[in-house]
$ cat run_3.cif   # mmCIF, C-alpha atoms (C1' of nucleotides)
data_query
loop_
_atom_site.group_PDB
_atom_site.id
_atom_site.type_symbol
_atom_site.label_atom_id
_atom_site.label_comp_id
_atom_site.auth_asym_id
_atom_site.auth_seq_id
_atom_site.Cartn_x
_atom_site.Cartn_y
_atom_site.Cartn_z
ATOM 1 C CA MET A 1 0.000 0.000 0.000
ATOM 2 C CA ALA A 2 1.145 3.503 -0.713
ATOM 3 C CA LYS A 3 2.572 5.505 2.097
ATOM 4 C CA GLN A 4 -0.013 7.445 4.033
ATOM 5 C CA TYR A 5 0.168 10.818 5.703
ATOM 6 C CA TRP A 6 -1.209 11.890 9.055
ATOM 7 C CA LEU A 7 -1.554 14.760 11.424
ATOM 8 C CA MET A 8 -1.171 14.152 15.144
ATOM 9 C CA LYS A 9 -1.898 16.790 17.753
ATOM 10 C CA SER A 10 -0.122 17.218 21.025
ATOM 11 C CA GLU A 11 -0.113 19.999 23.557
ATOM 12 C CA PRO A 12 3.515 21.126 23.729
ATOM 13 C CA ASN A 13 3.324 21.599 27.494
ATOM 14 C CA VAL A 14 2.479 17.880 27.665
ATOM 15 C CA TYR A 15 4.682 16.538 24.849
ATOM 16 C CA SER A 16 6.332 18.765 22.267
ATOM 17 C CA ILE A 17 8.417 18.233 19.153
ATOM 18 C CA GLU A 18 11.459 19.145 21.267
ATOM 19 C CA ASP A 19 10.633 16.266 23.600
ATOM 20 C CA LEU A 20 10.411 13.900 20.643
ATOM 21 C CA LYS A 21 13.681 15.235 19.254
ATOM 22 C CA ARG A 22 15.376 14.537 22.568
ATOM 23 C CA ASN A 23 13.824 11.092 23.018
ATOM 24 C CA LYS A 24 14.158 10.101 19.324
ATOM 25 C CA THR A 25 11.052 7.906 19.539
ATOM 26 C CA SER A 26 7.939 7.872 21.667
ATOM 27 C CA PRO A 27 4.712 5.958 22.130
ATOM 28 C CA TRP A 28 1.689 8.066 21.250
ATOM 29 C CA GLU A 29 -0.265 7.253 24.367
ATOM 30 C CA GLY A 30 -3.421 8.744 25.760
ATOM 31 C CA VAL A 31 -5.666 8.903 22.714
ATOM 32 C CA ARG A 32 -9.142 8.290 24.096
ATOM 33 C CA ASN A 33 -11.250 8.893 21.026
ATOM 34 C CA TYR A 34 -12.555 6.013 18.944
ATOM 35 C CA GLN A 35 -12.072 7.570 15.535
ATOM 36 C CA ALA A 36 -8.483 8.511 16.308
ATOM 37 C CA ARG A 37 -7.865 5.072 17.792
ATOM 38 C CA ASN A 38 -9.190 3.406 14.655
ATOM 39 C CA PHE A 39 -6.745 5.329 12.482
ATOM 40 C CA MET A 40 -3.823 4.263 14.659
ATOM 41 C CA ARG A 41 -4.982 0.689 15.160
ATOM 42 C CA ASP A 42 -6.151 -0.107 11.645
ATOM 43 C CA GLU A 43 -4.459 2.165 9.168
ATOM 44 C CA MET A 44 -1.072 3.425 10.286
ATOM 45 C CA LYS A 45 1.816 1.601 8.676
ATOM 46 C CA LEU A 46 5.540 1.612 9.253
ATOM 47 C CA GLY A 47 7.122 4.569 7.539
ATOM 48 C CA ASP A 48 3.951 6.628 7.319
ATOM 49 C CA LYS A 49 4.769 10.294 7.724
ATOM 50 C CA VAL A 50 3.202 12.487 10.382
ATOM 51 C CA LEU A 51 2.768 16.217 10.760
ATOM 52 C CA PHE A 52 3.466 16.950 14.432
ATOM 53 C CA TYR A 53 0.935 19.579 15.444
ATOM 54 C CA HIS A 54 1.123 21.704 18.565
ATOM 55 C CA SER A 55 -2.322 22.459 19.969
ATOM 56 C CA ASN A 56 -3.164 24.910 22.738
ATOM 57 C CA ALA A 57 0.123 26.619 21.945
ATOM 58 C CA LYS A 58 1.425 30.057 21.066
ATOM 59 C CA PRO A 59 0.974 29.785 18.234
ATOM 60 C CA SER A 60 -0.784 26.538 17.492
ATOM 61 C CA GLY A 61 0.419 24.900 14.306
ATOM 62 C CA VAL A 62 2.627 22.307 12.659
ATOM 63 C CA ALA A 63 5.952 22.085 14.469
ATOM 64 C CA GLY A 64 7.710 19.355 12.540
ATOM 65 C CA ILE A 65 7.649 15.897 11.064
ATOM 66 C CA ALA A 66 7.624 12.429 12.577
ATOM 67 C CA GLU A 67 7.349 8.918 11.197
ATOM 68 C CA VAL A 68 5.520 5.809 12.359
ATOM 69 C CA CYS A 69 8.173 3.407 13.664
ATOM 70 C CA LYS A 70 5.984 0.821 15.404
ATOM 71 C CA THR A 71 2.504 -0.205 14.376
ATOM 72 C CA SER A 72 -0.356 -0.402 16.815
ATOM 73 C CA TYR A 73 -0.268 -2.165 20.134
ATOM 74 C CA PRO A 74 -2.402 -1.780 23.261
ATOM 75 C CA ASP A 75 -2.074 1.513 25.116
ATOM 76 C CA PHE A 76 -1.068 0.029 28.466
ATOM 77 C CA PHE A 77 -1.374 3.398 30.188
ATOM 78 C CA ALA A 78 -5.123 2.695 30.128
ATOM 79 C CA TRP A 79 -4.742 0.101 32.900
ATOM 80 C CA ASP A 80 -2.014 1.887 34.842
ATOM 81 C CA LYS A 81 -3.857 3.346 37.826
ATOM 82 C CA LYS A 82 -1.169 5.960 38.319
ATOM 83 C CA SER A 83 -1.422 7.245 34.763
ATOM 84 C CA LYS A 84 -3.565 10.220 33.937
ATOM 85 C CA TYR A 85 -4.739 8.152 30.976
ATOM 86 C CA PHE A 86 -6.085 5.392 33.236
ATOM 87 C CA ASP A 87 -9.451 4.098 32.040
ATOM 88 C CA LYS A 88 -11.128 1.833 34.565
ATOM 89 C CA LYS A 89 -13.476 0.424 31.957
ATOM 90 C CA THR A 90 -10.769 -1.158 29.839
ATOM 91 C CA ASP A 91 -9.592 -4.735 30.308
ATOM 92 C CA PRO A 92 -5.972 -5.758 29.636
ATOM 93 C CA GLU A 93 -7.321 -9.013 28.197
ATOM 94 C CA ASN A 94 -9.395 -7.118 25.684
ATOM 95 C CA PRO A 95 -7.844 -3.674 25.241
ATOM 96 C CA THR A 96 -9.952 -0.737 24.166
ATOM 97 C CA TRP A 97 -7.179 1.692 23.379
ATOM 98 C CA PHE A 98 -4.248 1.370 21.009
ATOM 99 C CA MET A 99 -1.224 3.452 20.161
ATOM 100 C CA VAL A 100 1.672 3.545 17.741
ATOM 101 C CA ASP A 101 5.258 4.665 18.229
ATOM 102 C CA VAL A 102 6.616 7.593 16.272
ATOM 103 C CA LYS A 103 10.174 8.721 15.671
ATOM 104 C CA PHE A 104 11.556 12.186 15.206
ATOM 105 C CA VAL A 105 12.273 13.233 11.618
ATOM 106 C CA SER A 106 12.667 16.994 11.669
ATOM 107 C CA GLN A 107 11.682 20.129 13.461
ATOM 108 C CA PHE A 108 10.703 23.266 11.599
ATOM 109 C CA LYS A 109 12.630 26.362 12.533
ATOM 110 C CA GLU A 110 9.333 28.062 13.194
ATOM 111 C CA VAL A 111 5.919 26.594 13.787
ATOM 112 C CA ILE A 112 3.668 26.957 10.755
ATOM 113 C CA SER A 113 0.724 28.543 12.473
ATOM 114 C CA LEU A 114 -2.851 27.503 12.039
ATOM 115 C CA GLN A 115 -3.528 30.959 10.650
ATOM 116 C CA GLU A 116 -0.938 30.452 7.904
ATOM 117 C CA LEU A 117 -2.410 27.056 7.097
ATOM 118 C CA LYS A 118 -5.863 28.594 6.813
ATOM 119 C CA GLU A 119 -4.686 31.464 4.642
ATOM 120 C CA ASP A 120 -2.808 29.262 2.158
ATOM 121 C CA PRO A 121 -4.997 28.474 -0.837
ATOM 122 C CA ALA A 122 -2.936 25.341 -1.531
ATOM 123 C CA LEU A 123 -4.152 23.918 1.768
ATOM 124 C CA SER A 124 -7.832 24.605 1.315
ATOM 125 C CA GLY A 125 -9.881 21.726 2.664
ATOM 126 C CA MET A 126 -7.158 20.445 4.947
ATOM 127 C CA THR A 127 -8.882 18.879 7.959
ATOM 128 C CA VAL A 128 -7.070 20.832 10.642
ATOM 129 C CA THR A 129 -8.135 24.157 9.122
ATOM 130 C CA LYS A 130 -11.807 23.295 9.322
ATOM 131 C CA LYS A 131 -13.985 24.757 12.026
ATOM 132 C CA GLY A 132 -14.580 22.495 14.979
ATOM 133 C CA SER A 133 -11.877 20.029 13.966
ATOM 134 C CA ARG A 134 -10.994 18.318 17.230
ATOM 135 C CA LEU A 135 -9.840 14.923 16.068
ATOM 136 C CA SER A 136 -6.321 14.496 17.413
ATOM 137 C CA VAL A 137 -5.212 11.910 14.831
ATOM 138 C CA HIS A 138 -6.398 12.083 11.238
ATOM 139 C CA PRO A 139 -5.215 11.561 7.662
ATOM 140 C CA VAL A 140 -3.713 14.325 5.533
ATOM 141 C CA ASP A 141 -3.718 14.439 1.732
ATOM 142 C CA LYS A 142 -0.263 13.906 0.209
ATOM 143 C CA LYS A 143 -0.519 17.222 -1.610
ATOM 144 C CA HIS A 144 -1.264 19.020 1.650
ATOM 145 C CA PHE A 145 1.494 17.158 3.472
ATOM 146 C CA ASP A 146 4.052 17.998 0.792
ATOM 147 C CA HIS A 147 3.024 21.637 0.785
ATOM 148 C CA VAL A 148 3.363 21.956 4.547
ATOM 149 C CA VAL A 149 6.794 20.311 4.398
ATOM 150 C CA ALA A 150 7.825 22.795 1.702
ATOM 151 C CA LEU A 151 6.668 25.658 3.921
ATOM 152 C CA GLY A 152 8.672 24.181 6.783
ATOM 153 C CA LYS A 153 11.823 23.948 4.664
ATOM 154 C CA ARG A 154 11.444 27.492 3.437
ATOM 155 C CA LYS A 155 11.569 28.684 7.024
ATOM 156 C CA SER A 156 14.610 26.620 7.908
ATOM 157 C "C1'" DG B 1 -33.082 4.813 20.717
ATOM 158 C "C1'" DC B 2 -33.810 9.690 21.989
ATOM 159 C "C1'" DC B 3 -31.864 13.578 23.904
ATOM 160 C "C1'" DA B 4 -30.476 16.547 27.831
ATOM 161 C "C1'" DA B 5 -26.693 17.016 30.731
ATOM 162 C "C1'" DC B 6 -22.149 16.877 31.205
ATOM 163 C "C1'" DG B 7 -17.158 16.637 29.960
ATOM 164 C "C1'" DT B 8 -13.374 17.711 26.826
ATOM 165 C "C1'" DT B 9 -10.903 19.961 23.124
ATOM 166 C "C1'" DG B 10 -8.684 23.662 21.501
ATOM 167 C "C1'" DG B 11 -8.697 28.389 19.277
ATOM 168 C "C1'" DC B 12 -8.724 32.816 20.739
ATOM 169 C "C1'" DG C 1 -10.325 32.185 31.103
ATOM 170 C "C1'" DC C 2 -14.099 32.037 27.774
ATOM 171 C "C1'" DC C 3 -16.870 29.501 24.978
ATOM 172 C "C1'" DA C 4 -18.187 26.961 20.599
ATOM 173 C "C1'" DA C 5 -18.021 22.495 18.868
ATOM 174 C "C1'" DC C 6 -18.296 18.012 19.560
ATOM 175 C "C1'" DG C 7 -18.206 13.338 22.065
ATOM 176 C "C1'" DT C 8 -20.048 10.518 25.749
ATOM 177 C "C1'" DT C 9 -23.189 9.170 29.315
ATOM 178 C "C1'" DG C 10 -27.312 7.885 31.383
ATOM 179 C "C1'" DG C 11 -32.342 8.413 32.426
ATOM 180 C "C1'" DC C 12 -36.370 7.274 30.468
#
$ encode --input "run_3.cif" --output "structure tokens"
Amino acid sequence: MAKQYWLMKSEPNVYSIEDLKRNKTSPWEGVRNYQARNFMRDEMKLGDKVLFYHSNAKPSGVAGIAEVCKTSYPDFFAWDKKSKYFDKKTDPENPTWFMVDVKFVSQFKEVISLQELKEDPALSGMTVTKKGSRLSVHPVDKKHFDHVVALGKRKS
DNA sequence: GCCAACGTTGGC
DNA sequence: GCCAACGTTGGC
């Protein structure tokens, strides 16, 4: 199957692109939304590219690029009572939540802000620019992905 | 199965 | 911190 492209949101005060750069790879734990889980569990493949998006940030926007380096496995934080992602309804024998691992690819010199994404005609229709778009993991068109990467390079 | 109440996300 | 948008829960 052809390589796919994704956008994954993280609040930088929780986990930022700098954290991923330092750690090289990271599990993408804590997704507690079924649609987002389905994308990770069923569709993400090794080598798929990811736009790393900072939400609730100043400014919010795409901060860099990551790559899927481990396909889905159960999000064990869901049955760790000490984790803030603990979910008492999930059973380790029959996990509800899944995650993938991602690895650092590059960090843009500057975040490409949501406003820039919205104002760029080449990115019209991109999911993250739509009103009320809350899904923290979702697919991105290759043409949109490539354009954002080009914007990121121009700023580097 | 409807839908009101409640909780969360996330831009601003 | 506000609040609009959206998801989930639970009474009936």
$ resolve_selection --input "run_3.cif" --expression "the PyMOL selection byres ((chain A and resi 56) around 9)" --output "JSON, numbers by chain"
{"A": [10, 11, 12, 13, 54, 55, 57, 58, 59, 60], "B": [10, 11]}
$ interface_residues --input "run_3.cif" --of "chain A" --to "chain C" --cutoff "12 Å" --atoms "all atoms listed in the file" --output "ChimeraX atom specification"
/A:32-35,130-135
$ atom_distance --input "run_3.cif" --atom1 "atom CA of A:Cys69" --atom2 "atom CA of A:Phe108"
20.1 Å
$ resolve_selection --input "run_3.cif" --expression "the PyMOL selection byres ((chain A and resi 16) around 12)" --output "PyMOL selection string"
chain A and resi 8-15+17-23+26+28+52-57+60-66+104+107+111
$ atom_distance --input "run_3.cif" --atom1 "atom CA of A:Ala122" --atom2 "atom CA of A:Val148"
9.4 Å
$ closest_residue --input "run_3.cif" --among "A:Lys24, A:Lys3, A:Lys49, A:Arg41" --to "A:Phe145" --atoms "all atoms listed in the file"
A:Lys49
$ atom_distance --input "run_3.cif" --atom1 "atom CA of A:Tyr5" --atom2 "atom CA of A:Val31"
18.1 Å
$ axis_aligned_box --input "run_3.cif" --around "chain B" --padding-each-side "4 Å" --output "AutoDock Vina command-line options"
--center_x -21.2 --center_y 18.8 --center_z 25.2 --size_x 33.1 --size_y 36.0 --size_z 19.9
$ resolve_selection --input "run_3.cif" --expression "the PyMOL selection byres ((chain A and resi 151) around 10)" --output "list of chain:residue names"
A:Phe108, A:Glu110, A:Val111, A:Ile112, A:Glu116, A:Leu117, A:Phe145, A:Asp146, A:His147, A:Val148, A:Val149, A:Ala150, A:Gly152, A:Lys153, A:Arg154, A:Lys155, A:Ser156
$ build_atoms --input "run_3.cif" --residues "stretch 47-81 of chain A" --atoms "N, CA and C atoms" --output "PDB file, in the frame of the given file"
ATOM      1  N   GLY A  47       6.609   3.631   8.528  1.00  0.00           N
ATOM      2  CA  GLY A  47       7.122   4.569   7.539  1.00  0.00           C
ATOM      3  C   GLY A  47       6.142   5.649   7.142  1.00  0.00           C
ATOM      4  N   ASP A  48       4.890   5.540   7.597  1.00  0.00           N
ATOM      5  CA  ASP A  48       3.951   6.628   7.319  1.00  0.00           C
ATOM      6  C   ASP A  48       4.469   7.917   7.955  1.00  0.00           C
ATOM      7  N   LYS A  49       4.261   9.013   7.240  1.00  0.00           N
ATOM      8  CA  LYS A  49       4.769  10.294   7.724  1.00  0.00           C
ATOM      9  C   LYS A  49       3.685  11.064   8.476  1.00  0.00           C
ATOM     10  N   VAL A  50       4.121  11.820   9.465  1.00  0.00           N
ATOM     11  CA  VAL A  50       3.202  12.487  10.382  1.00  0.00           C
ATOM     12  C   VAL A  50       3.572  13.960  10.529  1.00  0.00           C
ATOM     13  N   LEU A  51       2.578  14.824  10.380  1.00  0.00           N
ATOM     14  CA  LEU A  51       2.768  16.217  10.760  1.00  0.00           C
ATOM     15  C   LEU A  51       2.544  16.313  12.267  1.00  0.00           C
ATOM     16  N   PHE A  52       3.542  16.813  12.969  1.00  0.00           N
ATOM     17  CA  PHE A  52       3.466  16.950  14.432  1.00  0.00           C
ATOM     18  C   PHE A  52       2.892  18.335  14.736  1.00  0.00           C
ATOM     19  N   TYR A  53       1.684  18.336  15.258  1.00  0.00           N
ATOM     20  CA  TYR A  53       0.935  19.579  15.444  1.00  0.00           C
ATOM     21  C   TYR A  53       0.878  19.958  16.922  1.00  0.00           C
ATOM     22  N   HIS A  54       1.234  21.193  17.196  1.00  0.00           N
ATOM     23  CA  HIS A  54       1.123  21.704  18.565  1.00  0.00           C
ATOM     24  C   HIS A  54      -0.244  22.365  18.746  1.00  0.00           C
ATOM     25  N   SER A  55      -1.031  21.825  19.672  1.00  0.00           N
ATOM     26  CA  SER A  55      -2.322  22.459  19.969  1.00  0.00           C
ATOM     27  C   SER A  55      -2.231  23.183  21.303  1.00  0.00           C
ATOM     28  N   ASN A  56      -3.167  24.093  21.519  1.00  0.00           N
ATOM     29  CA  ASN A  56      -3.164  24.910  22.738  1.00  0.00           C
ATOM     30  C   ASN A  56      -1.803  25.555  22.958  1.00  0.00           C
ATOM     31  N   ALA A  57      -1.228  26.089  21.886  1.00  0.00           N
ATOM     32  CA  ALA A  57       0.123  26.619  21.945  1.00  0.00           C
ATOM     33  C   ALA A  57       0.127  28.062  21.435  1.00  0.00           C
ATOM     34  N   LYS A  58       1.282  28.684  21.549  1.00  0.00           N
ATOM     35  CA  LYS A  58       1.425  30.057  21.066  1.00  0.00           C
ATOM     36  C   LYS A  58       2.540  30.116  20.057  1.00  0.00           C
ATOM     37  N   PRO A  59       2.298  30.058  18.783  1.00  0.00           N
ATOM     38  CA  PRO A  59       0.974  29.785  18.234  1.00  0.00           C
ATOM     39  C   PRO A  59       0.757  28.288  18.072  1.00  0.00           C
ATOM     40  N   SER A  60      -0.499  27.914  17.875  1.00  0.00           N
ATOM     41  CA  SER A  60      -0.784  26.538  17.492  1.00  0.00           C
ATOM     42  C   SER A  60      -0.393  26.348  16.039  1.00  0.00           C
ATOM     43  N   GLY A  61       0.080  25.160  15.694  1.00  0.00           N
ATOM     44  CA  GLY A  61       0.419  24.900  14.306  1.00  0.00           C
ATOM     45  C   GLY A  61       1.336  23.696  14.170  1.00  0.00           C
ATOM     46  N   VAL A  62       1.776  23.467  12.932  1.00  0.00           N
ATOM     47  CA  VAL A  62       2.627  22.307  12.659  1.00  0.00           C
ATOM     48  C   VAL A  62       4.060  22.644  13.049  1.00  0.00           C
ATOM     49  N   ALA A  63       4.633  21.798  13.913  1.00  0.00           N
ATOM     50  CA  ALA A  63       5.952  22.085  14.469  1.00  0.00           C
ATOM     51  C   ALA A  63       7.056  21.273  13.815  1.00  0.00           C
ATOM     52  N   GLY A  64       6.681  20.185  13.146  1.00  0.00           N
ATOM     53  CA  GLY A  64       7.710  19.355  12.540  1.00  0.00           C
ATOM     54  C   GLY A  64       7.133  18.075  11.981  1.00  0.00           C
ATOM     55  N   ILE A  65       8.040  17.140  11.718  1.00  0.00           N
ATOM     56  CA  ILE A  65       7.649  15.897  11.064  1.00  0.00           C
ATOM     57  C   ILE A  65       8.123  14.707  11.891  1.00  0.00           C
ATOM     58  N   ALA A  66       7.272  13.683  11.929  1.00  0.00           N
ATOM     59  CA  ALA A  66       7.624  12.429  12.577  1.00  0.00           C
ATOM     60  C   ALA A  66       7.257  11.300  11.627  1.00  0.00           C
ATOM     61  N   GLU A  67       7.586  10.084  12.039  1.00  0.00           N
ATOM     62  CA  GLU A  67       7.349   8.918  11.197  1.00  0.00           C
ATOM     63  C   GLU A  67       6.915   7.753  12.084  1.00  0.00           C
ATOM     64  N   VAL A  68       5.968   6.976  11.596  1.00  0.00           N
ATOM     65  CA  VAL A  68       5.520   5.809  12.359  1.00  0.00           C
ATOM     66  C   VAL A  68       6.643   4.776  12.366  1.00  0.00           C
ATOM     67  N   CYS A  69       7.075   4.376  13.580  1.00  0.00           N
ATOM     68  CA  CYS A  69       8.173   3.407  13.664  1.00  0.00           C
ATOM     69  C   CYS A  69       7.761   2.136  14.390  1.00  0.00           C
ATOM     70  N   LYS A  70       6.519   2.070  14.857  1.00  0.00           N
ATOM     71  CA  LYS A  70       5.984   0.821  15.404  1.00  0.00           C
ATOM     72  C   LYS A  70       4.476   0.858  15.219  1.00  0.00           C
ATOM     73  N   THR A  71       3.946  -0.196  14.617  1.00  0.00           N
ATOM     74  CA  THR A  71       2.504  -0.205  14.376  1.00  0.00           C
ATOM     75  C   THR A  71       1.762  -0.532  15.676  1.00  0.00           C
ATOM     76  N   SER A  72       0.449  -0.511  15.600  1.00  0.00           N
ATOM     77  CA  SER A  72      -0.356  -0.402  16.815  1.00  0.00           C
ATOM     78  C   SER A  72      -0.213  -1.567  17.780  1.00  0.00           C
ATOM     79  N   TYR A  73      -0.270  -1.213  19.025  1.00  0.00           N
ATOM     80  CA  TYR A  73      -0.268  -2.165  20.134  1.00  0.00           C
ATOM     81  C   TYR A  73      -1.075  -1.527  21.262  1.00  0.00           C
ATOM     82  N   PRO A  74      -1.521  -2.348  22.229  1.00  0.00           N
ATOM     83  CA  PRO A  74      -2.402  -1.780  23.261  1.00  0.00           C
ATOM     84  C   PRO A  74      -1.752  -0.641  24.041  1.00  0.00           C
ATOM     85  N   ASP A  75      -2.525   0.388  24.294  1.00  0.00           N
ATOM     86  CA  ASP A  75      -2.074   1.513  25.116  1.00  0.00           C
ATOM     87  C   ASP A  75      -2.176   1.090  26.580  1.00  0.00           C
ATOM     88  N   PHE A  76      -1.037   0.608  27.114  1.00  0.00           N
ATOM     89  CA  PHE A  76      -1.068   0.029  28.466  1.00  0.00           C
ATOM     90  C   PHE A  76      -1.241   1.080  29.548  1.00  0.00           C
ATOM     91  N   PHE A  77      -1.112   2.347  29.197  1.00  0.00           N
ATOM     92  CA  PHE A  77      -1.374   3.398  30.188  1.00  0.00           C
ATOM     93  C   PHE A  77      -2.836   3.357  30.644  1.00  0.00           C
ATOM     94  N   ALA A  78      -3.700   2.751  29.807  1.00  0.00           N
ATOM     95  CA  ALA A  78      -5.123   2.695  30.128  1.00  0.00           C
ATOM     96  C   ALA A  78      -5.399   1.847  31.365  1.00  0.00           C
ATOM     97  N   TRP A  79      -4.520   0.882  31.686  1.00  0.00           N
ATOM     98  CA  TRP A  79      -4.742   0.101  32.900  1.00  0.00           C
ATOM     99  C   TRP A  79      -3.656   0.330  33.939  1.00  0.00           C
ATOM    100  N   ASP A  80      -2.961   1.449  33.821  1.00  0.00           N
ATOM    101  CA  ASP A  80      -2.014   1.887  34.842  1.00  0.00           C
ATOM    102  C   ASP A  80      -2.733   2.911  35.727  1.00  0.00           C
ATOM    103  N   LYS A  81      -3.049   2.484  36.938  1.00  0.00           N
ATOM    104  CA  LYS A  81      -3.857   3.346  37.826  1.00  0.00           C
ATOM    105  C   LYS A  81      -3.195   4.681  38.103  1.00  0.00           C
TER     106      LYS A  81
END
